[in-house]
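Q: Dropping the structure in here first, questions after.
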Protein chains: 2
Amino acid sequence: MAEVSSKPVPLLKDELNIVIPTIRNLDFLEMWRPFLQPYHLIIVQDGDPSKVIKVPEGFDYELYNRNDINRILGPKASCISFKDSACRCFGYLVSKKKYIYTIDDDCFVAKDPSGRDIDALEQHIKNLLSPSTPHFFNTLYDPYREGADFVRGYPFSLREGVPTAVSHGLWLNIPDYDAPTQLVKPRERNTRYVDAVLTIPKGTLFPMCGMNLAFDRELIGPAMYFGLMGDGQPIGRYDDMWAGWCIKVISDHLDLGVKTGLPYIWHSKASNPFVNLKKEYKGIFWQEEIIPFFQKATLSKNATTVQKSYIELSDQVREKLGPIDPYFVKLADAMVTWIEAWDELNTPSEA
Amino acid sequence: MAEVSSKPVPLLKDELNIVIPTIRNLDFLEMWRPFLQPYHLIIVQDGDPSKVIKVPEGFDYELYNRNDINRILGPKASCISFKDSACRCFGYLVSKKKYIYTIDDDCFVAKDPSGRDIDALEQHIKNLLSPSTPHFFNTLYDPYREGADFVRGYPFSLREGVPTAVSHGLWLNIPDYDAPTQLVKPRERNTRYVDAVLTIPKGTLFPMCGMNLAFDRELIGPAMYFGLMGDGQPIGRYDDMWAGWCIKVISDHLDLGVKTGLPYIWHSKASNPFVNLKKEYKGIFWQEEIIPFFQKATLSKNATTVQKSYIELSDQVREKLGPIDPYFVKLADAMVTWIEAWDELNTPSEA
């Protein structure tokens, strides 16, 4: 059964980096100061490197612009997107910490139904430090939360769960809709606070949003590649989706867990739906083929590490998605480059 | 995208039966009167047929005791459990309505966080009348609820959803725990109101509880058999679990949806954990083999109806679970008898 500890949640100050793709909004860090100041920030500045991002006093951070990315990665910098928030994954690459929390600069602190400020990071840490249950659904949601447990009929052999690799948080106020839905429902706001965390079952894919996302870099980092988006690419706004499909297939293969639900952040403003439509429209029809591809994808027994799994997946992308558009061949190559860059900057795993 | 109607939820007065296994508690119907009185009740009286169940004035009902079951089904009555609430499935058999709501007599009206009485049936009807989304997970939960929709990255081809066969409701106060968990956590209460409905993804099994359950009899009725429990059987408290595994495998096969979450009822009292342990203990180790069996079970293309699917499943139960214990051979036979009884009392489907 679920042994729930009511110990305070550890801060993981020395084990966690916050990765932020550019900060266009100075209020952002001020608002998050009580929660984020204890951590080391990695800011990946998108676009024009000559622009200066002012980080308020008291924050411990490192900042990378495009020149830094090019200098550090050399020719391998081609795998990092330009003029797109997908560039944030460079921060995952250079981090040396076990955990990453990534958040967008239009995400503010949300309030829970009792009116209290939500410490999003604390909830992500809770999610990451407790196991996941991908093999059987628990109807009272996360059995490891205080006041919950496994219900009658839950096999005892599965109650240990599996390590949690990813914690996907949600958004109050502006929901993460695609351009067509934004256009049709411009006034819809998410006001429903759902007090739940749950494991996405094994074999099920989900649309992973990068706005409010935490993960265990050691368990799944090399698969958290945000693809080729933005400048020079035929598509945008699919960076996090791409990573989400890849991490889910690989987590399922390696018996790791992916949780979604709490914590909420307050998503302050909707991006322009017309601009979004232009970025998304190819993705909207490509995903009709990409998702079935990922649903059917299986990895071999040789894929014993995230890196090996990711390289196998890149081969399948080249072969199966390449015929849709030459973009996918370029993407498959970039996936390989990403792993090379990862292993260059990180001690390769021993397996 | 999800077109949500804000029309009032239809009562379905002429299309829904309430099935209740015995009523030991006279307060039960009084408490539910505002919500249940419009419906026709089917009460399946468990145990001694000479006992008289007093139904308060104003309710429209029919009542079956063991003598009635024996008279109506003849030798086929052997498939209906005795001295166990599993007998309730006789009510599903004799109903002529499209929808069933079944509820236990220790379930009272719960309150939502605003303090309002929850009309559980209204929420079940909402769940059953809106589609399910078993093929891809929507992170904002049921996309058909007011104020929600499909999020960015949800394939448009899947947004029509599939028909919903089952709506599984939850419980505040006493959670539905197995005997070992009851023994270890005698004081745990479920106080968390999770304001969500979600589709259990395709390929994922769940522990279905029969306390607060609604379903579409036309879509899934013949699979909603509660097995052989209670008097003369080596096991109890697995009636709803058994039905849950079967309906999920068959719903997945026939592309039907199963939802869980809202509505909540107030579960007033825990059953005796020592009695429960005696009933459950074989199930606790059997389920370690039964669940993998159901996880791997596949049905053939010939299984085009619920009945045909159920007969195929009964063959697999006999073959694969029979070796665990002779009980499963008896259960497989009872599954066949149940379908024969179903077809005798209901117009067989045309397919």
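Labels used: A, B, ... for chains in the order of the structure tokens, numbers from 1 for residues in each chain, and numbers from 1 for ligands as shown.
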Give me, as CSV, the closest atom pair and its distance (Å, one decimal) for every residue of chain B within a cut-off of 9 Å of chain A, counting only C-alpha atoms, rows sorted by chain and rising number.

A:
residue,atom,partner,partner_atom,distance
B:Met1,CA,A:Thr181,CA,7.0
B:Pro134,CA,A:Thr204,CA,8.8
B:His135,CA,A:Thr204,CA,7.4
B:Phe136,CA,A:Leu205,CA,5.7
B:Phe137,CA,A:Phe206,CA,4.8
B:Asn138,CA,A:Phe206,CA,6.5
B:Thr139,CA,A:Pro207,CA,7.1
B:Leu140,CA,A:Leu170,CA,8.0
B:Gly147,CA,A:Asn190,CA,6.4
B:Ala148,CA,A:Asn190,CA,7.0
B:Asp149,CA,A:Tyr177,CA,8.1
B:Phe150,CA,A:Tyr177,CA,7.2
B:Val151,CA,A:Tyr177,CA,4.7
B:Arg152,CA,A:Asp178,CA,4.2
B:Gly153,CA,A:Pro207,CA,5.3
B:Tyr154,CA,A:Pro207,CA,6.3
B:Pro155,CA,A:Glu288,CA,6.0
B:Phe156,CA,A:Glu288,CA,7.6
B:Ser157,CA,A:Glu288,CA,7.1
B:Leu170,CA,A:Thr139,CA,7.8
B:Pro175,CA,A:Val151,CA,7.5
B:Asp176,CA,A:Val151,CA,5.7
B:Tyr177,CA,A:Arg152,CA,4.4
B:Asp178,CA,A:Arg152,CA,4.2
B:Ala179,CA,A:Arg152,CA,8.0
B:Pro180,CA,A:Met1,CA,8.8
B:Thr181,CA,A:Met1,CA,7.0
B:Glu188,CA,A:Gly147,CA,6.6
B:Arg189,CA,A:Gly147,CA,7.0
B:Asn190,CA,A:Gly147,CA,6.4
B:Thr191,CA,A:Gly147,CA,7.6
B:Arg192,CA,A:Asp195,CA,7.5
B:Tyr193,CA,A:Asp195,CA,7.2
B:Val194,CA,A:Asp195,CA,5.2
B:Asp195,CA,A:Val194,CA,5.2
B:Ala196,CA,A:Val194,CA,6.3
B:Ile200,CA,A:Phe137,CA,7.8
B:Pro201,CA,A:Thr204,CA,6.6
B:Lys202,CA,A:Thr204,CA,7.6
B:Gly203,CA,A:Gly203,CA,7.4
B:Thr204,CA,A:Phe136,CA,6.3
B:Leu205,CA,A:Phe136,CA,5.7
B:Phe206,CA,A:Phe137,CA,4.8
B:Pro207,CA,A:Gly153,CA,5.3
B:Met208,CA,A:Gly153,CA,8.0
B:Cys209,CA,A:Arg152,CA,8.2
B:Arg237,CA,A:Arg152,CA,8.9
B:Tyr238,CA,A:Gly153,CA,7.6
B:Met241,CA,A:Gly153,CA,6.5
B:Thr260,CA,A:Thr139,CA,7.2
B:Gly261,CA,A:Thr139,CA,7.4
B:Gly283,CA,A:Gly153,CA,8.5
B:Ile284,CA,A:Pro155,CA,7.4
B:Phe285,CA,A:Pro155,CA,8.4
B:Gln287,CA,A:Pro155,CA,6.4
B:Glu288,CA,A:Pro155,CA,6.0
B:Ile291,CA,A:Pro155,CA,7.9

Q: As a PyMOL selection string, please: every residue in stretch 116-300 of chain B that DSSP puts in strand (DSSP E or B).

A: chain B and resi 117+132+162+164-173+190+197-199+212-216+230+257-267

Q: Can you work out which one of A:Leu26, A:Leu128, A:Ala341, A:Leu299 has the shortest atom-to-atom distance to A:Phe215, counting only C-alpha atoms?

A: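 Closest candidate: A:Leu128.
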
Q: Near B:Ser268, within 8 Å and counting only C-alpha atoms, which residues show up once chain neighbours fewer than 3 positions away are dropped, as a count of residues only?

A: 5

Q: Considering only C-alpha atoms, return as a PDB file with all heavy atoms, in the first residue's frame whatever protein or nucleic-acid residues lie within 10 Å of B:Ile18, sequence-local ones (same chain, fewer than 2 positions apart) excluded.

A:
ATOM      1  N   LEU B  16     -34.472   4.813 -18.431  1.00  0.00           N
ATOM      2  CA  LEU B  16     -33.474   4.443 -17.421  1.00  0.00           C
ATOM      3  C   LEU B  16     -34.123   3.736 -16.242  1.00  0.00           C
ATOM      4  O   LEU B  16     -35.180   4.153 -15.770  1.00  0.00           O
ATOM      5  CB  LEU B  16     -32.751   5.726 -16.944  1.00  0.00           C
ATOM      6  CG  LEU B  16     -31.520   5.561 -16.063  1.00  0.00           C
ATOM      7  CD1 LEU B  16     -30.489   6.635 -16.394  1.00  0.00           C
ATOM      8  CD2 LEU B  16     -31.846   5.614 -14.591  1.00  0.00           C
ATOM      9  N   ILE B  20     -31.133  -1.694  -7.615  1.00  0.00           N
ATOM     10  CA  ILE B  20     -30.607  -1.663  -6.244  1.00  0.00           C
ATOM     11  C   ILE B  20     -30.605  -3.079  -5.683  1.00  0.00           C
ATOM     12  O   ILE B  20     -31.621  -3.772  -5.737  1.00  0.00           O
ATOM     13  CB  ILE B  20     -31.471  -0.748  -5.339  1.00  0.00           C
ATOM     14  CG1 ILE B  20     -31.644   0.629  -6.004  1.00  0.00           C
ATOM     15  CG2 ILE B  20     -30.839  -0.596  -3.954  1.00  0.00           C
ATOM     16  CD1 ILE B  20     -32.695   1.486  -5.341  1.00  0.00           C
ATOM     17  N   LEU B  36     -34.344  10.209  -7.301  1.00  0.00           N
ATOM     18  CA  LEU B  36     -34.663   8.891  -7.860  1.00  0.00           C
ATOM     19  C   LEU B  36     -36.153   8.655  -8.093  1.00  0.00           C
ATOM     20  O   LEU B  36     -36.533   7.773  -8.863  1.00  0.00           O
ATOM     21  CB  LEU B  36     -34.111   7.773  -6.962  1.00  0.00           C
ATOM     22  CG  LEU B  36     -32.589   7.731  -6.770  1.00  0.00           C
ATOM     23  CD1 LEU B  36     -32.181   6.414  -6.116  1.00  0.00           C
ATOM     24  CD2 LEU B  36     -31.833   7.918  -8.084  1.00  0.00           C
ATOM     25  N   GLN B  37     -37.010   9.437  -7.429  1.00  0.00           N
ATOM     26  CA  GLN B  37     -38.443   9.160  -7.538  1.00  0.00           C
ATOM     27  C   GLN B  37     -38.980   9.179  -8.977  1.00  0.00           C
ATOM     28  O   GLN B  37     -39.895   8.424  -9.294  1.00  0.00           O
ATOM     29  CB  GLN B  37     -39.227  10.137  -6.646  1.00  0.00           C
ATOM     30  CG  GLN B  37     -40.649   9.655  -6.423  1.00  0.00           C
ATOM     31  CD  GLN B  37     -41.358  10.418  -5.309  1.00  0.00           C
ATOM     32  OE1 GLN B  37     -40.775  11.249  -4.628  1.00  0.00           O
ATOM     33  NE2 GLN B  37     -42.627  10.103  -5.126  1.00  0.00           N
ATOM     34  N   TYR B  39     -37.871   7.804 -11.447  1.00  0.00           N
ATOM     35  CA  TYR B  39     -37.456   6.617 -12.198  1.00  0.00           C
ATOM     36  C   TYR B  39     -38.111   5.345 -11.682  1.00  0.00           C
ATOM     37  O   TYR B  39     -38.508   5.269 -10.528  1.00  0.00           O
ATOM     38  CB  TYR B  39     -35.935   6.461 -12.137  1.00  0.00           C
ATOM     39  CG  TYR B  39     -35.223   7.629 -12.759  1.00  0.00           C
ATOM     40  CD1 TYR B  39     -34.827   8.719 -11.986  1.00  0.00           C
ATOM     41  CD2 TYR B  39     -34.981   7.665 -14.133  1.00  0.00           C
ATOM     42  CE1 TYR B  39     -34.199   9.807 -12.558  1.00  0.00           C
ATOM     43  CE2 TYR B  39     -34.352   8.754 -14.711  1.00  0.00           C
ATOM     44  CZ  TYR B  39     -33.968   9.821 -13.917  1.00  0.00           C
ATOM     45  OH  TYR B  39     -33.361  10.901 -14.481  1.00  0.00           O
ATOM     46  N   HIS B  40     -38.131   4.368 -12.554  1.00  0.00           N
ATOM     47  CA  HIS B  40     -38.609   3.053 -12.171  1.00  0.00           C
ATOM     48  C   HIS B  40     -37.459   2.273 -11.535  1.00  0.00           C
ATOM     49  O   HIS B  40     -36.396   2.130 -12.125  1.00  0.00           O
ATOM     50  CB  HIS B  40     -39.135   2.317 -13.404  1.00  0.00           C
ATOM     51  CG  HIS B  40     -39.694   0.974 -13.096  1.00  0.00           C
ATOM     52  ND1 HIS B  40     -40.903   0.799 -12.450  1.00  0.00           N
ATOM     53  CD2 HIS B  40     -39.215  -0.268 -13.319  1.00  0.00           C
ATOM     54  CE1 HIS B  40     -41.136  -0.494 -12.298  1.00  0.00           C
ATOM     55  NE2 HIS B  40     -40.121  -1.158 -12.819  1.00  0.00           N
ATOM     56  N   LEU B  41     -37.718   1.774 -10.323  1.00  0.00           N
ATOM     57  CA  LEU B  41     -36.689   1.042  -9.580  1.00  0.00           C
ATOM     58  C   LEU B  41     -36.830  -0.462  -9.792  1.00  0.00           C
ATOM     59  O   LEU B  41     -37.943  -0.987  -9.803  1.00  0.00           O
ATOM     60  CB  LEU B  41     -36.850   1.306  -8.082  1.00  0.00           C
ATOM     61  CG  LEU B  41     -36.180   2.508  -7.426  1.00  0.00           C
ATOM     62  CD1 LEU B  41     -36.368   3.777  -8.223  1.00  0.00           C
ATOM     63  CD2 LEU B  41     -36.684   2.682  -5.993  1.00  0.00           C
ATOM     64  N   ILE B  42     -35.694  -1.126  -9.914  1.00  0.00           N
ATOM     65  CA  ILE B  42     -35.680  -2.589  -9.895  1.00  0.00           C
ATOM     66  C   ILE B  42     -34.863  -2.998  -8.676  1.00  0.00           C
ATOM     67  O   ILE B  42     -33.664  -2.731  -8.603  1.00  0.00           O
ATOM     68  CB  ILE B  42     -35.054  -3.172 -11.181  1.00  0.00           C
ATOM     69  CG1 ILE B  42     -35.869  -2.747 -12.411  1.00  0.00           C
ATOM     70  CG2 ILE B  42     -34.962  -4.694 -11.086  1.00  0.00           C
ATOM     71  CD1 ILE B  42     -35.280  -3.209 -13.735  1.00  0.00           C
ATOM     72  N   ILE B  43     -35.538  -3.596  -7.708  1.00  0.00           N
ATOM     73  CA  ILE B  43     -34.853  -4.008  -6.479  1.00  0.00           C
ATOM     74  C   ILE B  43     -34.638  -5.513  -6.530  1.00  0.00           C
ATOM     75  O   ILE B  43     -35.585  -6.266  -6.757  1.00  0.00           O
ATOM     76  CB  ILE B  43     -35.685  -3.616  -5.236  1.00  0.00           C
ATOM     77  CG1 ILE B  43     -35.928  -2.091  -5.246  1.00  0.00           C
ATOM     78  CG2 ILE B  43     -34.986  -4.045  -3.949  1.00  0.00           C
ATOM     79  CD1 ILE B  43     -36.963  -1.622  -4.245  1.00  0.00           C
ATOM     80  N   TYR B  61     -41.740   0.821  -8.467  1.00  0.00           N
ATOM     81  CA  TYR B  61     -40.688  -0.206  -8.403  1.00  0.00           C
ATOM     82  C   TYR B  61     -41.217  -1.591  -8.718  1.00  0.00           C
ATOM     83  O   TYR B  61     -42.416  -1.847  -8.688  1.00  0.00           O
ATOM     84  CB  TYR B  61     -40.032  -0.205  -7.017  1.00  0.00           C
ATOM     85  CG  TYR B  61     -40.902  -0.765  -5.917  1.00  0.00           C
ATOM     86  CD1 TYR B  61     -40.752  -2.090  -5.491  1.00  0.00           C
ATOM     87  CD2 TYR B  61     -41.875   0.020  -5.302  1.00  0.00           C
ATOM     88  CE1 TYR B  61     -41.557  -2.608  -4.486  1.00  0.00           C
ATOM     89  CE2 TYR B  61     -42.674  -0.493  -4.298  1.00  0.00           C
ATOM     90  CZ  TYR B  61     -42.508  -1.810  -3.893  1.00  0.00           C
ATOM     91  OH  TYR B  61     -43.303  -2.317  -2.906  1.00  0.00           O
ATOM     92  N   GLY B  91     -31.117  -7.643 -12.218  1.00  0.00           N
ATOM     93  CA  GLY B  91     -31.873  -6.439 -12.573  1.00  0.00           C
ATOM     94  C   GLY B  91     -31.513  -5.913 -13.956  1.00  0.00           C
ATOM     95  O   GLY B  91     -32.368  -5.378 -14.674  1.00  0.00           O
ATOM     96  N   TYR B  92     -30.247  -6.066 -14.336  1.00  0.00           N
ATOM     97  CA  TYR B  92     -29.840  -5.618 -15.677  1.00  0.00           C
ATOM     98  C   TYR B  92     -30.502  -6.484 -16.745  1.00  0.00           C
ATOM     99  O   TYR B  92     -30.817  -6.018 -17.842  1.00  0.00           O
ATOM    100  CB  TYR B  92     -28.322  -5.688 -15.875  1.00  0.00           C
ATOM    101  CG  TYR B  92     -27.453  -5.160 -14.754  1.00  0.00           C
ATOM    102  CD1 TYR B  92     -26.151  -5.614 -14.588  1.00  0.00           C
ATOM    103  CD2 TYR B  92     -27.930  -4.207 -13.861  1.00  0.00           C
ATOM    104  CE1 TYR B  92     -25.331  -5.143 -13.572  1.00  0.00           C
ATOM    105  CE2 TYR B  92     -27.111  -3.734 -12.827  1.00  0.00           C
ATOM    106  CZ  TYR B  92     -25.823  -4.215 -12.693  1.00  0.00           C
ATOM    107  OH  TYR B  92     -25.019  -3.752 -11.684  1.00  0.00           O
ATOM    108  N   SER B  95     -34.398  -5.660 -16.986  1.00  0.00           N
ATOM    109  CA  SER B  95     -34.737  -4.298 -17.398  1.00  0.00           C
ATOM    110  C   SER B  95     -35.040  -4.282 -18.896  1.00  0.00           C
ATOM    111  O   SER B  95     -34.512  -5.094 -19.667  1.00  0.00           O
ATOM    112  CB  SER B  95     -33.549  -3.364 -17.115  1.00  0.00           C
ATOM    113  OG  SER B  95     -33.725  -2.135 -17.787  1.00  0.00           O
ATOM    114  N   LYS B  97     -34.964  -1.132 -20.314  1.00  0.00           N
ATOM    115  CA  LYS B  97     -34.569   0.243 -20.607  1.00  0.00           C
ATOM    116  C   LYS B  97     -33.165   0.304 -21.203  1.00  0.00           C
ATOM    117  O   LYS B  97     -32.378  -0.618 -21.077  1.00  0.00           O
ATOM    118  CB  LYS B  97     -34.631   1.080 -19.319  1.00  0.00           C
ATOM    119  CG  LYS B  97     -36.016   1.115 -18.682  1.00  0.00           C
ATOM    120  CD  LYS B  97     -36.997   1.942 -19.497  1.00  0.00           C
ATOM    121  CE  LYS B  97     -38.451   1.647 -19.182  1.00  0.00           C
ATOM    122  NZ  LYS B  97     -38.973   2.320 -18.005  1.00  0.00           N
ATOM    123  N   TYR B  99     -30.774   2.559 -20.351  1.00  0.00           N
ATOM    124  CA  TYR B  99     -29.731   2.895 -19.376  1.00  0.00           C
ATOM    125  C   TYR B  99     -30.032   2.295 -18.012  1.00  0.00           C
ATOM    126  O   TYR B  99     -31.195   2.149 -17.633  1.00  0.00           O
ATOM    127  CB  TYR B  99     -29.612   4.416 -19.216  1.00  0.00           C
ATOM    128  CG  TYR B  99     -29.283   5.129 -20.490  1.00  0.00           C
ATOM    129  CD1 TYR B  99     -30.272   5.815 -21.208  1.00  0.00           C
ATOM    130  CD2 TYR B  99     -27.987   5.124 -21.007  1.00  0.00           C
ATOM    131  CE1 TYR B  99     -29.978   6.475 -22.395  1.00  0.00           C
ATOM    132  CE2 TYR B  99     -27.679   5.775 -22.187  1.00  0.00           C
ATOM    133  CZ  TYR B  99     -28.677   6.452 -22.879  1.00  0.00           C
ATOM    134  OH  TYR B  99     -28.375   7.094 -24.051  1.00  0.00           O
ATOM    135  N   ILE B 100     -28.965   1.983 -17.295  1.00  0.00           N
ATOM    136  CA  ILE B 100     -29.074   1.476 -15.926  1.00  0.00           C
ATOM    137  C   ILE B 100     -28.235   2.355 -15.017  1.00  0.00           C
ATOM    138  O   ILE B 100     -27.111   2.734 -15.363  1.00  0.00           O
ATOM    139  CB  ILE B 100     -28.535   0.026 -15.826  1.00  0.00           C
ATOM    140  CG1 ILE B 100     -29.343  -0.940 -16.672  1.00  0.00           C
ATOM    141  CG2 ILE B 100     -28.450  -0.430 -14.365  1.00  0.00           C
ATOM    142  CD1 ILE B 100     -30.677  -1.354 -16.106  1.00  0.00           C
ATOM    143  N   TYR B 101     -28.770   2.671 -13.848  1.00  0.00           N
ATOM    144  CA  TYR B 101     -27.939   3.237 -12.782  1.00  0.00           C
ATOM    145  C   TYR B 101     -28.061   2.314 -11.591  1.00  0.00           C
ATOM    146  O   TYR B 101     -29.162   2.013 -11.142  1.00  0.00           O
ATOM    147  CB  TYR B 101     -28.402   4.654 -12.418  1.00  0.00           C
ATOM    148  CG  TYR B 101     -27.642   5.252 -11.248  1.00  0.00           C
ATOM    149  CD1 TYR B 101     -26.261   5.149 -11.176  1.00  0.00           C
ATOM    150  CD2 TYR B 101     -28.304   5.911 -10.213  1.00  0.00           C
ATOM    151  CE1 TYR B 101     -25.547   5.688 -10.105  1.00  0.00           C
ATOM    152  CE2 TYR B 101     -27.603   6.466  -9.142  1.00  0.00           C
ATOM    153  CZ  TYR B 101     -26.223   6.343  -9.097  1.00  0.00           C
ATOM    154  OH  TYR B 101     -25.516   6.867  -8.043  1.00  0.00           O
ATOM    155  N   THR B 102     -26.942   1.843 -11.099  1.00  0.00           N
ATOM    156  CA  THR B 102     -26.986   0.958  -9.938  1.00  0.00           C
ATOM    157  C   THR B 102     -26.239   1.604  -8.776  1.00  0.00           C
ATOM    158  O   THR B 102     -25.194   2.232  -8.965  1.00  0.00           O
ATOM    159  CB  THR B 102     -26.442  -0.454 -10.264  1.00  0.00           C
ATOM    160  OG1 THR B 102     -26.571  -1.280  -9.102  1.00  0.00           O
ATOM    161  CG2 THR B 102     -24.979  -0.425 -10.691  1.00  0.00           C
ATOM    162  N   ILE B 103     -26.825   1.475  -7.596  1.00  0.00           N
ATOM    163  CA  ILE B 103     -26.286   2.161  -6.421  1.00  0.00           C
ATOM    164  C   ILE B 103     -26.530   1.299  -5.194  1.00  0.00           C
ATOM    165  O   ILE B 103     -27.543   0.588  -5.114  1.00  0.00           O
ATOM    166  CB  ILE B 103     -26.935   3.571  -6.282  1.00  0.00           C
ATOM    167  CG1 ILE B 103     -26.429   4.310  -5.048  1.00  0.00           C
ATOM    168  CG2 ILE B 103     -28.462   3.504  -6.321  1.00  0.00           C
ATOM    169  CD1 ILE B 103     -26.850   5.771  -4.990  1.00  0.00           C
ATOM    170  N   LEU B 121     -27.181  11.119 -10.498  1.00  0.00           N
ATOM    171  CA  LEU B 121     -27.738  10.569 -11.727  1.00  0.00           C
ATOM    172  C   LEU B 121     -27.614  11.553 -12.887  1.00  0.00           C
ATOM    173  O   LEU B 121     -27.317  11.168 -14.023  1.00  0.00           O
ATOM    174  CB  LEU B 121     -29.200  10.189 -11.476  1.00  0.00           C
ATOM    175  CG  LEU B 121     -29.876   9.342 -12.518  1.00  0.00           C
ATOM    176  CD1 LEU B 121     -28.990   8.216 -13.016  1.00  0.00           C
ATOM    177  CD2 LEU B 121     -31.168   8.773 -11.954  1.00  0.00           C
ATOM    178  N   ALA B 214     -23.178   3.659 -13.721  1.00  0.00           N
ATOM    179  CA  ALA B 214     -24.226   3.741 -14.739  1.00  0.00           C
ATOM    180  C   ALA B 214     -23.681   3.207 -16.051  1.00  0.00           C
ATOM    181  O   ALA B 214     -22.485   3.286 -16.311  1.00  0.00           O
ATOM    182  CB  ALA B 214     -24.681   5.188 -14.901  1.00  0.00           C
TER     183      ALA B 214
END

Q: Work out how far atom CA of B:Gln233 is from atom CA of B:Ala334, in Å to one decimal.

A: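 It comes out at 12.3 Å.
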
Q: When you look at B:Met335 with a cut-off of 8 Å (counting only C-alpha atoms), what residues show up, excluding the ones that are within fewer than 6 positions of it in the same chain? I need them as a VMD selection string.

A: chain B and resid 79 225 227 310 to 311 314

Q: Which of these residues is nearest to B:Leu11, using only C-alpha atoms: B:Lys279, B:Lys126, B:Arg318, B:His253?

A: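 Closest to B:Leu11 of all the choices is B:Lys126.
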
Q: Quick one: DSSP alpha helix (DSSP H) residues in stretch 62-109 of chain A, as a PyMOL selection string?

A: chain A and resi 66-73+89-94

Q: Kindly export the residues of the current selection with C-alpha atoms, as a short mmCIF file (atom, residue, chain, number, x, y, z; two decimals), in the first residue's frame.

A:
data_model
loop_
_atom_site.label_atom_id
_atom_site.label_comp_id
_atom_site.auth_asym_id
_atom_site.auth_seq_id
_atom_site.Cartn_x
_atom_site.Cartn_y
_atom_site.Cartn_z
CA ARG A 66 22.63 32.23 -29.82
CA ASN A 67 26.32 33.12 -29.94
CA ASP A 68 26.91 31.05 -26.82
CA ILE A 69 25.00 28.11 -28.27
CA ASN A 70 27.04 28.27 -31.48
CA ARG A 71 30.31 28.58 -29.56
CA ILE A 72 29.55 25.69 -27.19
CA LEU A 73 28.08 23.26 -29.69
CA CYS A 89 16.18 22.39 -24.60
CA PHE A 90 19.71 23.76 -24.86
CA GLY A 91 19.29 24.47 -21.16
CA TYR A 92 18.55 20.79 -20.51
CA LEU A 93 21.78 19.93 -22.30
CA VAL A 94 24.06 22.23 -20.32
#

Q: Of the candidates A:Asn212, A:Asp239, A:Leu262, A:Leu331, which shows the shortest atom-to-atom distance to A:Arg145, using only C-alpha atoms?

A: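 Of all the options, A:Leu262 lies closest to A:Arg145.
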
Q: Which residue, B:Ala270, B:Ser114, B:Gly236, B:Glu15, has the smallest gap to B:Ser81 when you use only C-alpha atoms?

A: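 Looking only at the distances to B:Ser81, the closest residue turns out to be B:Gly236.
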